[in-house]
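Beneath this line is the structure, given in C-alpha cells, with notes to follow.
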Amino acid sequence: MKRISLALAFMIFSFFHVSAEEGMLIPSLIKAFEDDMQAMGMKLSAEDIYSVNQSSMKDAIMHFGGGCTAELVSGQGLLLTNHHCGYSQVQSHSSLENDYIKYGFWAKTRGEELSNPGLTASRIVRIEDMTAAVFAGTEGLSGEAYGERIEANIAELIAAATDGNHYEANIKAFNYGNEYYMIVQEVFKDVRLVGAPPSSIGKFGGDTDNWVWPRHTGDFSVFRIYAGADNKPAEYSTSNKPYQPLHYFPVSVKDRVPGEFTMIYGFPGTTEQHLSSEHLRYIMDMERPARIAMREQSLGVIDASMRSSDLLRIKYASKQARIANGWKKWIGQIGGLQTVDAIQIKLDREKAYNDRAAEKTSWQMKYSNVIAEMNQLVADYKGSDFAYSMAIEYMYVGAESFKRAREIEKFIVEYGDIVKLGEIDAEIEKLRNKAKGFFKDYDEETDRKIFIKTTEEYMSRMEGNGLSNLLKAQSVESLANMIFSNSVLTNEARFEAFLNSLSDSTVADFSENDPAFNLWTGLSAEFYQSVIPQVREFKGKMNQLLKVYVEGKLEMFPDQKHWADANSTLRITYGKLEGSAPHDGMAYTEHTTLDGIIAKNNTGEADFELLPEFRALAESKDYGGYDQDGELWVCFTGSNHTTGGNSGSPVIDAEGNLMGLNFDRSWESTMSDFMFDSDRCRNITVDVRYVLWIMDKYAGATNLVEEMTLVEDKKGWCKRRKEKKAKKK
C-alpha cells in the first residue's frame, strides 16, 4: 500500500511535465492539478470546481438517467443535456397527433412540462478515498476470505455513509482494485421534459454525420428537476416544486477564442487503456467487425421501415439511434486504431514494461510475466468472449421478440406460486401494462425481417458452433414464419387473448409450444449455463492480472502520467478549444456555422432535411445577437478526453461559465476508449449560443432564456436585451 501511494504521489507531480489533454481526473484530487490548469488559462480555484464544505461546480453536474450527463443552468432546477440523451423521453411522449420528434416540444409554462416515470438525475455529494478502509483486515488473507473481507468492509462503509440521511452511496474499484472510492449521491426522481428541438435540429446530420467532423447538430434538450417542499428528492407529485440547486452555471455569450481553456465535467462511461496487445488485436480484428456486421443487418431493415411511414418513423426513432450509435462508433474506432498502428504502440510499451521489470529482482518476480499471461489468457478465452458478444448482439440488440420472451419468462416460471399467493390478477395487470408500452412502438413485419437478417448473420459468424446449433433444425425463413404467425409474444391481439384465457393448461401449453418463447429459453439456457461462466472466469482472471499490471506501471514508471480508467463516476478533463489535422493533407477548423447547415441541406440528402421555418429563419440571418463576427457558431471542437457518458457534459470556460454541451467525438477520436492521441482526438460541442438562438428566435421559448444568467459580452448584448424587456413592460 505504501509503495502504491508513493507511486501515485510521484504521478501527481509528474503530471505537470506532460500533455494536459489526456486523462479523466477524479474531482476530489483536482487540487494537485490546479497550477497546471491555471497555467493553461483557468481563472478558477480547485475549491470552485470541487468542494464538500461549500457549494461548487460539482453541485451543478447531474448524472442524467444513469447514462448521460446534464447541467443545471438556473436557480429553478432547469437542466440542459443532449437531445440524444433525452430522445427516449421525447419519443415516449410522441404520437401521430403530437409528433414531438419531427416538430419539437416546448413547454411555455410549468404546467405544460411532461413527467417521465423512472427518469432520475443524481448529484454527487462527495467523493472519498476509501482504499485503506476497504483493505482493512485483509492482511494475510487470500482467495475467498480476502474477497469476503473486502465485501464486508464495503457494506459497513456504505451503511455508515447513508445512516440517518436521504443519500445513496456505493464504493467503486479504481485501477482494477488498487484503489477504492466512495461516491455519495442525492438522487432526484421527478425530472420533467421542458423542451426539445425538432430532430432536424437535434439530430441534424443523422447517421451520415454521427461521429464525424465538421458537425452541425443542435444536440440539446431541456428538462427540469422537481423536489419536495424541503428541496429534497421526492417521487413525482403535482405538489413538487422546482429544485433550488446549490450551484448552477452562468451561460456565456462571449466570443470564443481558438486556443482558450476548456474543461469538461461529467460521467464518462468506460475506457480500457490497459488492454494487452493481443487483447486489442482480438477486438480490432474479430469482435468489433462482427458486432458491426450484426448491427448493419438490423439497421438496414429499420431504416427502410422508418422511410415507409411516419408511424414507423416514430416507433423506431429511438431504437434506430441507439443501435446506430454503437455501430458507427466502432467503425471509426477500428479505423483510428489502425491509422496510428495501435498494436505496434502496445508492443513497444509492453517491451518497455518488461525491460523495466528486469532491472530489479523484486520487480522481475512480480511483473515480468504479467503481460505474457494476459496475452495467453486472451488466446485461451477469446472463443467464449466472442460467443458472448454475438449472443448480446443477437438476443439483446436484434429482434424484439426476444425482449418480449425475457419479460414474460419470470411470470411463466413462477406462475404456480403466483396463483397460490393470490397475486395472479395483479401480475396479469402488470403484464398487460408492459405489453401496452411494448406494442406501442412495435411492428411485426419489421421485427420479422430483423429476425431473419440477424439470425442469418449470427449463424454465419458462429459458423455452426455454440448457440447457433439450436437454430439449425429448420430454415431461418420457416422459423421466422412460425414465430411471427403463431407466437403469443409477437402480436398484441394474440397476447391479449392469452392473458384473457390464462389458466394452468394455457400456461403449460405456452411454455411447451410457443415458438418464440421456446427459442428464447433454449438460447438463454445455453448462454447462461455455458457462455456466461466462461466469460466471468475470463474477466475475473484478466482483472487480477490487470491489477498487477497497473500496480507495476504505478511503481516502475512514477514519472509517467497515470489515470484511472473511466467507470461512470464523476471526472474532469481539460484542454483547449482547437481544431486538428487527423490525416495527411487534411485540417479541421475548430468551429462550424449556420451557413454549413444550409450548405448540407442543399445537397438534398435525407439526413440534412430542415423544416421550412428553420431554413427561412437561417436565411434571414436574424442571429439575435448570438453571432460572433457575423457568424452564428453551431459546434466547436476541443482537445478534451471524453467517452460515452460524457454526452451532455458542460464545456466550461476559464471563468466557470457554460460554453456548450459536449455531445460527440470526431470519428478519428473514438479510438480514445483504448488509446488517446492528443494530436487527433477531439471532442465535439454544440455552442450554447446556438442553443439559445434555437430557444429564443426559432422556438419562441424566451421564458427559458430569461430564466438563465447570461454572462455579459463586449457587445453589451445582455444589457440591450434587458432594456428591450423593460420597454415591453
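Every chain in the C-alpha cells takes a letter, A first, then B, and so on in the order presented; its residues are numbered from 1, and the ligands are numbered from 1 following the presented order.
DSSP on the backbone gives strand (DSSP E) for these parts of stretch 229-400 of chain A: Lys241, Pro242, Val251, Ser252, Phe261, Thr262, Met263, Ile264, Tyr265 and Gly266 of chain A.
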Hey, what's within 8 Å of stretch 247-251 of chain A if we count only C-alpha atoms and toss same-chain stuff fewer than 5 positions away? As number ranges by chain, please?
A: 55-57, 59-60, 71-75, 656-659, 688, 708-711
So, counting only C-alpha atoms, which residue among A:Gln320, A:Asn116, A:Ser678, A:Thr643 is closest to A:Ser237?
A:Asn116
If you run DSSP on the backbone here, which positions in stretch 202-417 of chain A get helix (DSSP H, G or I)? Please write them as a count of residues only.
134
Contacts of stretch 447-450 of chain A at 6 Å (only C-alpha atoms; same-chain gap of 3+ positions) as JSON, numbers by chain:
{"A": [298, 399, 444, 453, 454]}
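Residues within 12 Å of A:Lys621, counting only C-alpha atoms and excluding same-chain residues fewer than 3 positions away, are Thr593, Leu594, Asp595, Ile598, Phe614, Arg615, Ala616, Leu617, Ala618, Gly624, Gly625, Tyr626, Asp627, Gly630, Glu631, Leu632, Trp693 and Lys697 of chain A.
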Nearby residues (only C-alpha atoms) at most 10 Å from A:Asp207, same-chain spacing under 3 positions excluded, as a list in words:
Lys203, Phe204, Asn210, Trp211, Val212, Gln320, Ala321, Ala324, Asn325, Trp327, Lys328 and Asp607 of chain A
Just N, CA and C atoms for this one: save the residues we selected as a PDB file, in the first residue's frame.
ATOM      1  N   LYS A 203     -30.984  16.246 -34.228  1.00  0.00           N
ATOM      2  CA  LYS A 203     -30.310  15.096 -34.819  1.00  0.00           C
ATOM      3  C   LYS A 203     -29.863  15.421 -36.240  1.00  0.00           C
ATOM      4  N   PHE A 204     -29.640  16.689 -36.512  1.00  0.00           N
ATOM      5  CA  PHE A 204     -29.248  17.098 -37.858  1.00  0.00           C
ATOM      6  C   PHE A 204     -27.976  16.358 -38.285  1.00  0.00           C
ATOM      7  N   ASN A 210     -22.991  11.351 -37.830  1.00  0.00           N
ATOM      8  CA  ASN A 210     -22.681  10.835 -36.493  1.00  0.00           C
ATOM      9  C   ASN A 210     -21.206  10.463 -36.386  1.00  0.00           C
ATOM     10  N   TRP A 211     -20.556  10.948 -35.337  1.00  0.00           N
ATOM     11  CA  TRP A 211     -19.142  10.675 -35.045  1.00  0.00           C
ATOM     12  C   TRP A 211     -18.173  11.331 -36.037  1.00  0.00           C
ATOM     13  N   VAL A 212     -18.614  12.314 -36.789  1.00  0.00           N
ATOM     14  CA  VAL A 212     -17.677  12.914 -37.743  1.00  0.00           C
ATOM     15  C   VAL A 212     -17.655  14.436 -37.590  1.00  0.00           C
ATOM     16  N   GLN A 320     -33.511   3.020 -33.434  1.00  0.00           N
ATOM     17  CA  GLN A 320     -32.545   3.187 -34.517  1.00  0.00           C
ATOM     18  C   GLN A 320     -31.337   3.979 -34.049  1.00  0.00           C
ATOM     19  N   ALA A 321     -31.591   5.059 -33.317  1.00  0.00           N
ATOM     20  CA  ALA A 321     -30.493   5.895 -32.835  1.00  0.00           C
ATOM     21  C   ALA A 321     -29.584   5.117 -31.892  1.00  0.00           C
ATOM     22  N   ALA A 324     -27.583   2.454 -34.012  1.00  0.00           N
ATOM     23  CA  ALA A 324     -26.658   3.077 -34.955  1.00  0.00           C
ATOM     24  C   ALA A 324     -25.482   3.744 -34.256  1.00  0.00           C
ATOM     25  N   ASN A 325     -25.712   4.221 -33.043  1.00  0.00           N
ATOM     26  CA  ASN A 325     -24.652   4.953 -32.350  1.00  0.00           C
ATOM     27  C   ASN A 325     -23.414   4.075 -32.144  1.00  0.00           C
ATOM     28  N   TRP A 327     -22.800   1.195 -33.651  1.00  0.00           N
ATOM     29  CA  TRP A 327     -22.357   0.691 -34.961  1.00  0.00           C
ATOM     30  C   TRP A 327     -21.342   1.625 -35.608  1.00  0.00           C
ATOM     31  N   LYS A 328     -21.675   2.911 -35.700  1.00  0.00           N
ATOM     32  CA  LYS A 328     -20.768   3.825 -36.386  1.00  0.00           C
ATOM     33  C   LYS A 328     -19.536   4.136 -35.545  1.00  0.00           C
ATOM     34  N   ASP A 607     -30.709  12.984 -44.398  1.00  0.00           N
ATOM     35  CA  ASP A 607     -30.192  13.310 -43.067  1.00  0.00           C
ATOM     36  C   ASP A 607     -30.000  14.805 -42.859  1.00  0.00           C
TER      37      ASP A 607
END
